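J.: Please read through the structure below; I'll follow up with questions.
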Amino acid sequence: MTSTSTPAVEIDQETRLDLYRRMVELRLFEKRAYDLFMEGLVKGTSHLSLGQEAVAAGFGAAMRVDDYTFCTYRGHAHTLSRGTPMARVMGELLGRSNGVTGGKGGSMHLTSVENYAMGSYAIVGAHLPIAAGAAWSAQERGSGQVAVCFFGDGATNIGAFHEALNMAAVWKLPVVFVCENNLYMEYTAIESVTAVANPAADRAAAYGLESIIVDGNDADAVYAIALETLDRARQGAGPSLVEAKTYRHGGHSRADPGKYRPDQEVEEWLDRDPVDTYRERLLAQGIAENALTEIDDDARTDVEAATQAAREAPAPGPEVLERNVWADGSATWRN
Amino acid sequence: MTSTSTPAVEIDQETRLDLYRRMVELRLFEKRAYDLFMEGLVKGTSHLSLGQEAVAAGFGAAMRVDDYTFCTYRGHAHTLSRGTPMARVMGELLGRSNGVTGGKGGSMHLTSVENYAMGSYAIVGAHLPIAAGAAWSAQERGSGQVAVCFFGDGATNIGAFHEALNMAAVWKLPVVFVCENNLYMEYTAIESVTAVANPAADRAAAYGLESIIVDGNDADAVYAIALETLDRARQGAGPSLVEAKTYRHGGHSRADPGKYRPDQEVEEWLDRDPVDTYRERLLAQGIAENALTEIDDDARTDVEAATQAAREAPAPGPEVLERNVWADGSATWRN
Amino acid sequence: MAELTYRDAVAAGIAQEMRRDERVYLIGEDVAGAGGVFKATPGLLAEFGPRRVRDTPISEEAIVGAAMGAAMTGLRPIAEIMFSDFLATCWDIVANQIAKTRYMTDGQISLPLVIRTANGGGARFGAQHSQSVENWAMAIPGLKVVAPSNPADVIGLLAASVRDPDPVMFFEHKALYATKGDVPDGELVDTLGTARVVREGSDATLVALAAMVPKALAAAEVLAERGVSVEVIDLRSLVPLDTQTVLGSIAKTSRLFTVEENPRLTGWGAEVVSIAAEECFWDLDGPIVRITTPHIPLPSADALEDVAIPSVDRIVTTVEQVLA
Amino acid sequence: MAELTYRDAVAAGIAQEMRRDERVYLIGEDVAGAGGVFKATPGLLAEFGPRRVRDTPISEEAIVGAAMGAAMTGLRPIAEIMFSDFLATCWDIVANQIAKTRYMTDGQISLPLVIRTANGGGARFGAQHSQSVENWAMAIPGLKVVAPSNPADVIGLLAASVRDPDPVMFFEHKALYATKGDVPDGELVDTLGTARVVREGSDATLVALAAMVPKALAAAEVLAERGVSVEVIDLRSLVPLDTQTVLGSIAKTSRLFTVEENPRLTGWGAEVVSIAAEECFWDLDGPIVRITTPHIPLPSADALEDVAIPSVDRIVTTVEQVLA
Ligand SMILES: Cc1ncc(C[n+]2csc(CCOP(=O)(O)OP(=O)(O)O)c2C)c(N)n1
Ligand SMILES: Cc1ncc(C[n+]2csc(CCOP(=O)(O)OP(=O)(O)O)c2C)c(N)n1
Ligand SMILES: [Mg+2]
Ligand SMILES: [Mg+2]
């Protein structure tokens, strides 16, 4: 079951527009996040999904409303694509009290449980076993939920990857592991430190799983493989491991210009921009340009409003510092 | 390169007798260790290699004198098979001052650096990256040494396995990873918790390595694959991962009777006893019985002498308790 | 009232909670079919079946990761890490993920889970299977830390841990598994964060934990014969920490000793001492002394292990010398 | 004498040692081609080539495992763990293997290696990238623990660590990377286990480490203006611990404060306090007070992180109130 750019399923127009809308929103949000970083408003760090929007969009569109998302520090897109309000994500990046975690988590720890975005995990690989655990719980509760776990190519070389994949396979857990292979870890190429060419797909067999590669810049292809693997998981056929080939347009984080990448490589991937190419595809399929422009405009408006809300939101006060270490709301460790 | 019982190389008679001698020594040593345990003289725990002797013997015979051995808590056989004196291993099991580590390490931590037995590691999986490190050092020093790392089937599901295999493959390290698949972890069958049928061999491809399975109860077959993989490593062709199919005759540790194993399975494997079958093979090949009996007798004498030495050795005195935390010999952490 | 071993109390405590709440699950290496390598979980597979009591691969990160993911989505898992030393193999999930997630999500995620583990020395298992690592857990904000010293406490504190909405590290002591004690009939549920004065005294306070409690009590007996009256406190949990009981006792005795199995540096006793040195300095009539294992890895040989871990003798001698 | 940043001092220290001894290697994630994510290792790849300065996969256990295996067989590796929080992902190799192997083998195996890591908060990186975990390392017998506060110490202590025959955990502080300081010309080699009195005073002793040293000094300045004379000690290494300097200072000032970035429970300060409470109890004129981050994970927002970590203000206020 190695998927290619040609999806096996027919995707209706409404879904295509939805995919487009999701990508445009993510694109504009991330661009704004970059601008705000450069303006000095995003204080710590920030890892953007510019160029990788098709993965979050494709899965976001295919997931059931109560399926779980687990993602990484590069998790703005995944969190937003579950419906988390932009203003609350933007607020979090700026360390404001309107943020999804009131400033406690920050850019790398976006979480919105009401949107089933179960957290962004900033230590590479850690969330794979945790996602497996959520899938185990769904299996035991018979809820029909699936856990989707996004991670990078670099995560395939850490021990937690191996342990999670094996356990998920043995327990036939309803979890879809999605490796976004953007060719680089931070500043080092994945191929220089990995024993196989496809860091996730070439390991699938080690867990009795099929090798799945998808064009991670093609929202239709991602959507199709998402439907297929989610369905398998929901039917009790166990986990999948999907390797989505994609590329980040910018650097790893913060203001990294990404200069360690050959110009030609960057250009080739920019030519394959998931948003632009999808737009062209939709136009070629006869969708009216103004339907798209409307989506663009709405997204712009939303990002603007979110930015405004975040800028205006107050910083969290010191009274929240020792709140919510424990379930009783306190940080009390003694009497 | 999947090896079978029929070795690709011709093994001369001297080597065959050496393999036999090694196995008999290990067999008699481990039986004695069991008796001493039952007598209450081995205080903590003890994990025997009864039934698995062909692996330690085959590799021990094939390794260069300065190749490194890394093994687990089930490491008596591997440590002895590098030439570590029996008395010093027996003394260690009994917690006596003549032990290889003077009683500090105990049964699970046998080490004899002068015999290039670089330690027995009691936390599953940990020594795989460490063995890779020794191989990296050998590579950088251009010493031509190879590191051989023995571990169990259960270790293939822990993260350190994955990290070590990948790094060793990428850096083309001179290391041979040897999985002794004895079908069980402690009391749980490996197949019940592993996504693939051959826990090591079916993962080799995930590191760009060939899948190698060897009959771990056949000393000739083990010896042949040892020669081949050691040679590859020494030539700069990188690591190998060998899965040796074998069985432990007794329980996991201490007085475990191993009742979780089906009688028939135990019987089948007892029929394939590596020592008995090898003895028969040698006889069939025309080796005189008294040559073998002499080896048996010598081994019996050696084990007896080692036991005597260990029994007579004094317990370590309290003055060594705070010795050798640091290289200056002290345990001093303050002035 | 029945007499139970500490190991049987573990199984009894888990069974009590699994009967009460079907969201309680038990996972770990060899916990199901084999009933645990310390035989602390026999019978649970038979009673609760292979879904609720499950053997895992040797994958500590996956074990505690699974517990974490399950706890945030509706189960109340108990995960066993066979020896507490192995917590090091999954310390990222424990210390960086489980401990921090409620705070990092500002309370959105709850993690009602228990990690049980066999802690401590005395079994001649050597440096990698004998550590007392309760101070590792105490150092991490967001973890509760419990360490019972007797069978009744095992059940009551385990029940309290399972019912607690926060992650609890539950340290069972290897050297205590075979010890026996009376256990009241019926459901037992204790309270975390409550220390117990297990012997009253007037000359000094000895604060102990887990296997050091019986040793401190035995030492108190000897000291009493020699005319020294010591009060012994069983801390029972390190987080929450019952500082009131400790400070109250010092107010009475004016002297403090800790009896710690952990290697010296940054053991739990250091924290207790630092609280006392700040908050009841004026109550103290003399130096505070910590009785600990020296700052060394534990040796395997019985002859060495016995001199490493605080013994009744060493406690007696130290207290006598310091008070002299 | 030249002015260097703390981050440049790291590269200078490594280069000094790599030039001196060809057995010294540097491995870690992004340390070679990129010169480190904190730009603390630029230029080393160019000078020493891709064999001695090598990028690794994201495999922390393999990184420190490789360092351990190499150290026992003739190299003297420096391994970088990018953020000290990630030590949790390889804690088994660090705490159970590297720390214990010399002792378990009764001295047969030496492990001359250094694990460098970026420690501490202040960069708004949130709970998983901001921890001060030097106390995790201090708790493990067999590890030396070093944490410099300025560029000259970075070079001198790094050189001492590389030359030390035992494993050293070398904690660089993120918040100090951009700070500058004078560095003497020529080879620098310092001595582990030597604290430094960085300001003399008579009313109280403040013991600090790494990024808390400049804060303690700034607080001392303010306190001096208000008539309180405090002595500030930069511990520089936790293991070995220079207790003589600390106890000597207390003998003079009669009062002790610790300034710790770690969350409260079992921080290094607790150990220092427990030593003082035993060994110089009679020198003390009043309670010992620890100034620490509260026992919470670190928040990300600047507004919160700034109130979590001890600030100059908090140090000043605490000292004033306690001494009042
Ligand atoms: C265990 C661990 N090691 C190192 C890091 C530092 N780090 C953060 S992101 C990153 C690169 C991850 O690369 P990849 O998995 O490909 O994800 P991407 O950033 O490309 O999305 C590294 C090394 C970390 N967060 N956790
Ligand atoms: C990380 C870790 N988890 C668990 C254990 C406990 N334990 C010791 S041996 C063992 C079984 C190992 O099985 P396998 O790897 O097949 O080796 P075998 O004992 O069969 O030689 C287990 C679970 C351990 N020592 N380390
Ligand atoms: Mg990547
Ligand atoms: Mg096995």
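All residue names refer to the structure tokens as shown: chains lettered A, B, ... in order, residues numbered from 1 in each chain, ligands numbered from 1 in order.
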Could you pull out all residues of segment 62-161 of chain A with a DSSP call of alpha helix (DSSP H) and give them as a PyMOL selection string?
T.: chain A and resi 62+76-80+86-93+127-141+159-161
J.: List as an MDAnalysis selection string the protein and nucleic acid residues near Ser274 of chain D, meaning an atom at most 8 Å away when only C-alpha atoms are counted, but skip any in the same chain fewer than 5 places from it.
T.: chainID C and resid 270 273:274 288:290
J.: Generate a file of the selected residues that holds all heavy atoms, formatted as an mmCIF file, in the first residue's frame.
T.:
```
data_model
loop_
_atom_site.group_PDB
_atom_site.id
_atom_site.type_symbol
_atom_site.label_atom_id
_atom_site.label_comp_id
_atom_site.auth_asym_id
_atom_site.auth_seq_id
_atom_site.Cartn_x
_atom_site.Cartn_y
_atom_site.Cartn_z
ATOM 1 N N ALA C 270 17.979 15.648 53.036
ATOM 2 C CA ALA C 270 18.550 16.987 52.895
ATOM 3 C C ALA C 270 17.428 18.024 52.844
ATOM 4 O O ALA C 270 17.526 19.104 53.427
ATOM 5 C CB ALA C 270 19.414 17.069 51.640
ATOM 6 N N VAL C 273 15.947 18.390 56.296
ATOM 7 C CA VAL C 273 16.855 19.182 57.126
ATOM 8 C C VAL C 273 16.750 20.660 56.773
ATOM 9 O O VAL C 273 16.714 21.518 57.658
ATOM 10 C CB VAL C 273 18.316 18.699 56.948
ATOM 11 C CG1 VAL C 273 19.280 19.673 57.623
ATOM 12 C CG2 VAL C 273 18.485 17.295 57.512
ATOM 13 N N SER C 274 16.676 20.957 55.492
ATOM 14 C CA SER C 274 16.664 22.373 55.107
ATOM 15 C C SER C 274 15.385 23.061 55.571
ATOM 16 O O SER C 274 15.384 24.251 55.866
ATOM 17 C CB SER C 274 16.911 22.542 53.606
ATOM 18 O OG SER C 274 15.756 22.271 52.854
ATOM 19 N N ILE C 288 22.017 18.937 63.286
ATOM 20 C CA ILE C 288 21.145 17.960 62.649
ATOM 21 C C ILE C 288 22.048 16.960 61.931
ATOM 22 O O ILE C 288 22.980 17.362 61.235
ATOM 23 C CB ILE C 288 20.225 18.625 61.612
ATOM 24 C CG1 ILE C 288 19.483 19.813 62.248
ATOM 25 C CG2 ILE C 288 19.263 17.597 61.048
ATOM 26 C CD1 ILE C 288 18.621 20.579 61.257
ATOM 27 N N VAL C 289 21.765 15.693 62.079
ATOM 28 C CA VAL C 289 22.650 14.694 61.482
ATOM 29 C C VAL C 289 21.873 13.753 60.584
ATOM 30 O O VAL C 289 20.802 13.262 60.946
ATOM 31 C CB VAL C 289 23.398 13.908 62.578
ATOM 32 C CG1 VAL C 289 24.212 12.771 61.963
ATOM 33 C CG2 VAL C 289 24.324 14.862 63.342
ATOM 34 N N ARG C 290 22.422 13.555 59.397
ATOM 35 C CA ARG C 290 21.810 12.623 58.443
ATOM 36 C C ARG C 290 22.573 11.305 58.458
ATOM 37 O O ARG C 290 23.790 11.279 58.336
ATOM 38 C CB ARG C 290 21.837 13.222 57.036
ATOM 39 C CG ARG C 290 20.957 14.458 56.889
ATOM 40 C CD ARG C 290 21.137 15.102 55.530
ATOM 41 N NE ARG C 290 20.863 14.163 54.457
ATOM 42 C CZ ARG C 290 21.334 14.287 53.214
ATOM 43 N NH1 ARG C 290 22.134 15.290 52.898
ATOM 44 N NH2 ARG C 290 21.034 13.393 52.313
#
```
J.: As a quick test: using only C-alpha atoms and all ligand atoms, which residues lie no more than 12 Å away from ligand 4? Give them as a VMD selection string.
T.: (chain B and resid 47 to 49 52 72 to 74 124 150 to 157 179 to 191 199 to 200 243 to 253) or (chain C and resid 57 to 58)
J.: Would you list which chain B residues are within 7 Å of chain A using only C-alpha atoms, as an mmCIF file with N, CA, C and O atoms, in the first residue's frame?
T.:
```
data_model
loop_
_atom_site.group_PDB
_atom_site.id
_atom_site.type_symbol
_atom_site.label_atom_id
_atom_site.label_comp_id
_atom_site.auth_asym_id
_atom_site.auth_seq_id
_atom_site.Cartn_x
_atom_site.Cartn_y
_atom_site.Cartn_z
ATOM 1 N N ASN B 157 13.179 -4.951 21.921
ATOM 2 C CA ASN B 157 12.025 -4.043 21.972
ATOM 3 C C ASN B 157 12.280 -2.773 22.759
ATOM 4 O O ASN B 157 11.365 -1.975 22.961
ATOM 5 N N ILE B 158 13.514 -2.594 23.205
ATOM 6 C CA ILE B 158 13.794 -1.383 23.979
ATOM 7 C C ILE B 158 14.488 -0.355 23.092
ATOM 8 O O ILE B 158 15.193 -0.701 22.128
ATOM 9 N N GLY B 159 14.276 0.899 23.436
ATOM 10 C CA GLY B 159 14.754 1.985 22.595
ATOM 11 C C GLY B 159 16.238 1.966 22.292
ATOM 12 O O GLY B 159 16.655 2.277 21.174
ATOM 13 N N ALA B 160 17.045 1.589 23.274
ATOM 14 C CA ALA B 160 18.497 1.630 23.089
ATOM 15 C C ALA B 160 18.944 0.716 21.951
ATOM 16 O O ALA B 160 19.935 1.013 21.259
ATOM 17 N N HIS B 162 17.388 0.211 19.140
ATOM 18 C CA HIS B 162 17.143 0.975 17.912
ATOM 19 C C HIS B 162 18.202 2.061 17.696
ATOM 20 O O HIS B 162 18.771 2.184 16.604
ATOM 21 N N GLU B 163 18.486 2.799 18.732
ATOM 22 C CA GLU B 163 19.450 3.889 18.596
ATOM 23 C C GLU B 163 20.846 3.360 18.274
ATOM 24 O O GLU B 163 21.559 3.922 17.428
ATOM 25 N N ASN B 166 21.052 1.929 14.625
ATOM 26 C CA ASN B 166 21.100 2.982 13.601
ATOM 27 C C ASN B 166 22.454 3.688 13.583
ATOM 28 O O ASN B 166 23.061 3.847 12.520
ATOM 29 N N ALA B 169 25.180 1.514 12.152
ATOM 30 C CA ALA B 169 25.070 1.364 10.692
ATOM 31 C C ALA B 169 25.540 2.632 9.986
ATOM 32 O O ALA B 169 26.297 2.569 9.014
ATOM 33 N N VAL B 170 25.109 3.789 10.472
ATOM 34 C CA VAL B 170 25.472 5.047 9.803
ATOM 35 C C VAL B 170 26.977 5.283 9.883
ATOM 36 O O VAL B 170 27.594 5.718 8.915
ATOM 37 N N VAL B 193 4.880 -10.328 22.744
ATOM 38 C CA VAL B 193 5.066 -8.878 22.890
ATOM 39 C C VAL B 193 5.873 -8.264 21.742
ATOM 40 O O VAL B 193 6.352 -7.138 21.866
ATOM 41 N N THR B 194 6.014 -8.989 20.674
ATOM 42 C CA THR B 194 6.864 -8.505 19.579
ATOM 43 C C THR B 194 6.105 -8.543 18.261
ATOM 44 O O THR B 194 5.439 -9.532 17.955
ATOM 45 N N ALA B 195 6.260 -7.497 17.485
ATOM 46 C CA ALA B 195 5.462 -7.336 16.265
ATOM 47 C C ALA B 195 5.928 -8.223 15.118
ATOM 48 O O ALA B 195 5.222 -8.386 14.137
ATOM 49 N N VAL B 196 7.117 -8.771 15.228
ATOM 50 C CA VAL B 196 7.649 -9.610 14.145
ATOM 51 C C VAL B 196 8.071 -10.959 14.707
ATOM 52 O O VAL B 196 8.298 -11.104 15.914
ATOM 53 N N ASP B 202 14.297 -9.758 11.769
ATOM 54 C CA ASP B 202 13.274 -9.036 11.009
ATOM 55 C C ASP B 202 13.391 -7.529 11.155
ATOM 56 O O ASP B 202 12.644 -6.783 10.516
ATOM 57 N N ARG B 203 14.292 -7.088 12.002
ATOM 58 C CA ARG B 203 14.522 -5.646 12.139
ATOM 59 C C ARG B 203 15.803 -5.207 11.424
ATOM 60 O O ARG B 203 16.071 -4.004 11.328
ATOM 61 N N ALA B 206 15.706 -2.490 8.836
ATOM 62 C CA ALA B 206 15.424 -1.130 9.309
ATOM 63 C C ALA B 206 16.710 -0.337 9.528
ATOM 64 O O ALA B 206 16.678 0.883 9.716
ATOM 65 N N TYR B 207 17.836 -1.045 9.514
ATOM 66 C CA TYR B 207 19.130 -0.385 9.665
ATOM 67 C C TYR B 207 20.012 -0.659 8.455
ATOM 68 O O TYR B 207 21.236 -0.517 8.519
ATOM 69 N N GLY B 208 19.381 -1.056 7.374
ATOM 70 C CA GLY B 208 20.132 -1.321 6.158
ATOM 71 C C GLY B 208 21.025 -2.542 6.265
ATOM 72 O O GLY B 208 21.995 -2.676 5.507
#
```
J.: Could you list, as JSON, numbers by chain, the residues of chain C having an atom within 7 Å of chain A when counting only C-alpha atoms?
T.: {"C": [59, 61, 62, 65, 66, 67, 68, 69, 70, 73, 74, 75, 93, 102, 103, 104, 105, 106, 107, 108, 110, 142, 165, 166, 239, 240, 241, 242, 243, 244]}
J.: Using only C-alpha atoms, which residues sit within 12 Å of Arg64 of chain A once same-chain residues fewer than 4 positions away are excluded, as a ChimeraX atom specification?
T.: /A:59-60,68-69,82-83,115-116,143-148,226-227,230-231,234
J.: Which residues of chain C come within 8 Å of chain D, and what is each one's closest atom pair and distance in Å (one decimal), counting only C-alpha atoms, sorted by chain and residue number, as a tab-separated table?
T.:
```
residue	atom	partner	partner_atom	distance
C:Asp85	CA	D:Asn96	CA	7.5
C:Phe86	CA	D:Asp92	CA	7.2
C:Leu87	CA	D:Asp92	CA	7.9
C:Ala88	CA	D:Asp92	CA	4.4
C:Thr89	CA	D:Asp92	CA	5.0
C:Cys90	CA	D:Thr89	CA	6.9
C:Trp91	CA	D:Ala88	CA	5.0
C:Asp92	CA	D:Ala88	CA	4.4
C:Ala95	CA	D:Ala88	CA	7.4
C:Asn96	CA	D:Gln128	CA	6.2
C:Lys100	CA	D:Pro297	CA	6.0
C:Tyr103	CA	D:Pro297	CA	6.9
C:Met104	CA	D:Ala127	CA	7.0
C:Ala127	CA	D:Met104	CA	7.0
C:Gln128	CA	D:Asn96	CA	6.2
C:Asn135	CA	D:Thr266	CA	7.2
C:Trp136	CA	D:Trp136	CA	6.8
C:Met138	CA	D:Leu265	CA	6.4
C:Ala139	CA	D:Leu265	CA	5.2
C:Ile140	CA	D:Leu265	CA	7.7
C:Pro141	CA	D:Ile296	CA	5.0
C:Gly142	CA	D:Ile296	CA	7.0
C:Pro263	CA	D:Pro141	CA	7.2
C:Arg264	CA	D:Ala139	CA	7.7
C:Leu265	CA	D:Ala139	CA	5.2
C:Thr266	CA	D:Glu271	CA	5.2
C:Gly267	CA	D:Thr266	CA	6.8
C:Trp268	CA	D:Thr266	CA	6.4
C:Ala270	CA	D:Ala270	CA	5.1
C:Glu271	CA	D:Ala270	CA	5.3
C:Val273	CA	D:Ser274	CA	5.8
C:Ser274	CA	D:Ala270	CA	5.5
C:Ala277	CA	D:Ile288	CA	5.6
C:Glu278	CA	D:Pro287	CA	4.6
C:Glu279	CA	D:Pro287	CA	7.0
C:Cys280	CA	D:Pro287	CA	7.7
C:Phe281	CA	D:Pro287	CA	5.2
C:Trp282	CA	D:Gly286	CA	7.6
C:Gly286	CA	D:Phe281	CA	6.8
C:Pro287	CA	D:Glu278	CA	4.6
C:Ile288	CA	D:Glu278	CA	4.9
C:Val289	CA	D:Glu278	CA	5.5
C:Arg290	CA	D:Ser274	CA	7.8
C:His295	CA	D:Pro141	CA	5.3
C:Ile296	CA	D:Pro141	CA	5.0
C:Pro297	CA	D:Pro141	CA	6.0
C:Pro299	CA	D:Met104	CA	7.0
```
J.: Mind checking which residues fall within 9 Å of segment 76-78 of chain D, counting only C-alpha atoms, ignoring those fewer than 5 positions away in the same chain, and posting them as a ChimeraX atom specification?
T.: /D:14,21-28,66-68,70-71,111-116,162-163
J.: Name the residues of segment 125-206 of chain C that fall into strand (DSSP E or B) according to DSSP on the backbone, using the chain letters and numbers of this document, as a PyMOL selection string.
T.: chain C and resi 144-146+168-173+180-183+196-199+204-206
J.: For the residues selected in the previous step, produce a file with N, CA and C atoms as a PDB file, in the first residue's frame.
T.:
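Dumped to out37.pdb:
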```
ATOM      1  N   LYS C 144       3.740  13.074  42.790  1.00  0.00           N
ATOM      2  CA  LYS C 144       3.582  12.711  44.194  1.00  0.00           C
ATOM      3  C   LYS C 144       4.434  11.474  44.448  1.00  0.00           C
ATOM      4  N   VAL C 145       4.927  11.338  45.659  1.00  0.00           N
ATOM      5  CA  VAL C 145       5.920  10.301  45.942  1.00  0.00           C
ATOM      6  C   VAL C 145       5.562   9.594  47.251  1.00  0.00           C
ATOM      7  N   VAL C 146       5.290   8.310  47.125  1.00  0.00           N
ATOM      8  CA  VAL C 146       4.803   7.540  48.269  1.00  0.00           C
ATOM      9  C   VAL C 146       5.716   6.339  48.482  1.00  0.00           C
ATOM     10  N   VAL C 168       1.208   9.541  40.693  1.00  0.00           N
ATOM     11  CA  VAL C 168       1.861   9.131  41.937  1.00  0.00           C
ATOM     12  C   VAL C 168       2.941   8.095  41.638  1.00  0.00           C
ATOM     13  N   MET C 169       4.117   8.342  42.168  1.00  0.00           N
ATOM     14  CA  MET C 169       5.208   7.366  42.116  1.00  0.00           C
ATOM     15  C   MET C 169       5.131   6.559  43.394  1.00  0.00           C
ATOM     16  N   PHE C 170       4.916   5.270  43.249  1.00  0.00           N
ATOM     17  CA  PHE C 170       4.671   4.420  44.419  1.00  0.00           C
ATOM     18  C   PHE C 170       5.845   3.460  44.584  1.00  0.00           C
ATOM     19  N   PHE C 171       6.655   3.722  45.585  1.00  0.00           N
ATOM     20  CA  PHE C 171       7.892   2.950  45.781  1.00  0.00           C
ATOM     21  C   PHE C 171       7.669   1.827  46.792  1.00  0.00           C
ATOM     22  N   GLU C 172       7.649   0.611  46.287  1.00  0.00           N
ATOM     23  CA  GLU C 172       7.584  -0.553  47.175  1.00  0.00           C
ATOM     24  C   GLU C 172       9.020  -0.944  47.499  1.00  0.00           C
ATOM     25  N   HIS C 173       9.243  -1.406  48.727  1.00  0.00           N
ATOM     26  CA  HIS C 173      10.629  -1.725  49.066  1.00  0.00           C
ATOM     27  C   HIS C 173      10.872  -3.223  48.974  1.00  0.00           C
ATOM     28  N   LYS C 180       5.722  -9.200  57.322  1.00  0.00           N
ATOM     29  CA  LYS C 180       4.297  -9.360  57.589  1.00  0.00           C
ATOM     30  C   LYS C 180       3.766  -8.269  58.500  1.00  0.00           C
ATOM     31  N   GLY C 181       2.474  -8.076  58.432  1.00  0.00           N
ATOM     32  CA  GLY C 181       1.861  -7.105  59.323  1.00  0.00           C
ATOM     33  C   GLY C 181       0.361  -7.291  59.349  1.00  0.00           C
ATOM     34  N   ASP C 182      -0.265  -6.786  60.396  1.00  0.00           N
ATOM     35  CA  ASP C 182      -1.717  -6.874  60.505  1.00  0.00           C
ATOM     36  C   ASP C 182      -2.378  -5.873  59.569  1.00  0.00           C
ATOM     37  N   VAL C 183      -3.440  -6.335  58.957  1.00  0.00           N
ATOM     38  CA  VAL C 183      -4.182  -5.467  58.050  1.00  0.00           C
ATOM     39  C   VAL C 183      -5.657  -5.536  58.436  1.00  0.00           C
ATOM     40  N   ARG C 196       3.551   9.464  60.107  1.00  0.00           N
ATOM     41  CA  ARG C 196       3.032   8.835  61.324  1.00  0.00           C
ATOM     42  C   ARG C 196       4.148   8.747  62.365  1.00  0.00           C
ATOM     43  N   VAL C 197       3.825   9.153  63.569  1.00  0.00           N
ATOM     44  CA  VAL C 197       4.762   8.965  64.675  1.00  0.00           C
ATOM     45  C   VAL C 197       4.623   7.506  65.090  1.00  0.00           C
ATOM     46  N   VAL C 198       5.628   6.694  64.784  1.00  0.00           N
ATOM     47  CA  VAL C 198       5.500   5.262  65.052  1.00  0.00           C
ATOM     48  C   VAL C 198       6.088   4.881  66.406  1.00  0.00           C
ATOM     49  N   ARG C 199       6.781   5.818  67.015  1.00  0.00           N
ATOM     50  CA  ARG C 199       7.238   5.604  68.398  1.00  0.00           C
ATOM     51  C   ARG C 199       7.456   6.972  69.010  1.00  0.00           C
ATOM     52  N   ALA C 204      15.193  12.936  70.916  1.00  0.00           N
ATOM     53  CA  ALA C 204      15.546  13.258  69.526  1.00  0.00           C
ATOM     54  C   ALA C 204      14.476  12.706  68.606  1.00  0.00           C
ATOM     55  N   THR C 205      14.382  13.309  67.432  1.00  0.00           N
ATOM     56  CA  THR C 205      13.445  12.843  66.419  1.00  0.00           C
ATOM     57  C   THR C 205      14.225  12.129  65.329  1.00  0.00           C
ATOM     58  N   LEU C 206      13.808  10.915  64.990  1.00  0.00           N
ATOM     59  CA  LEU C 206      14.400  10.189  63.860  1.00  0.00           C
ATOM     60  C   LEU C 206      13.347  10.112  62.768  1.00  0.00           C
TER      61      LEU C 206
END
```
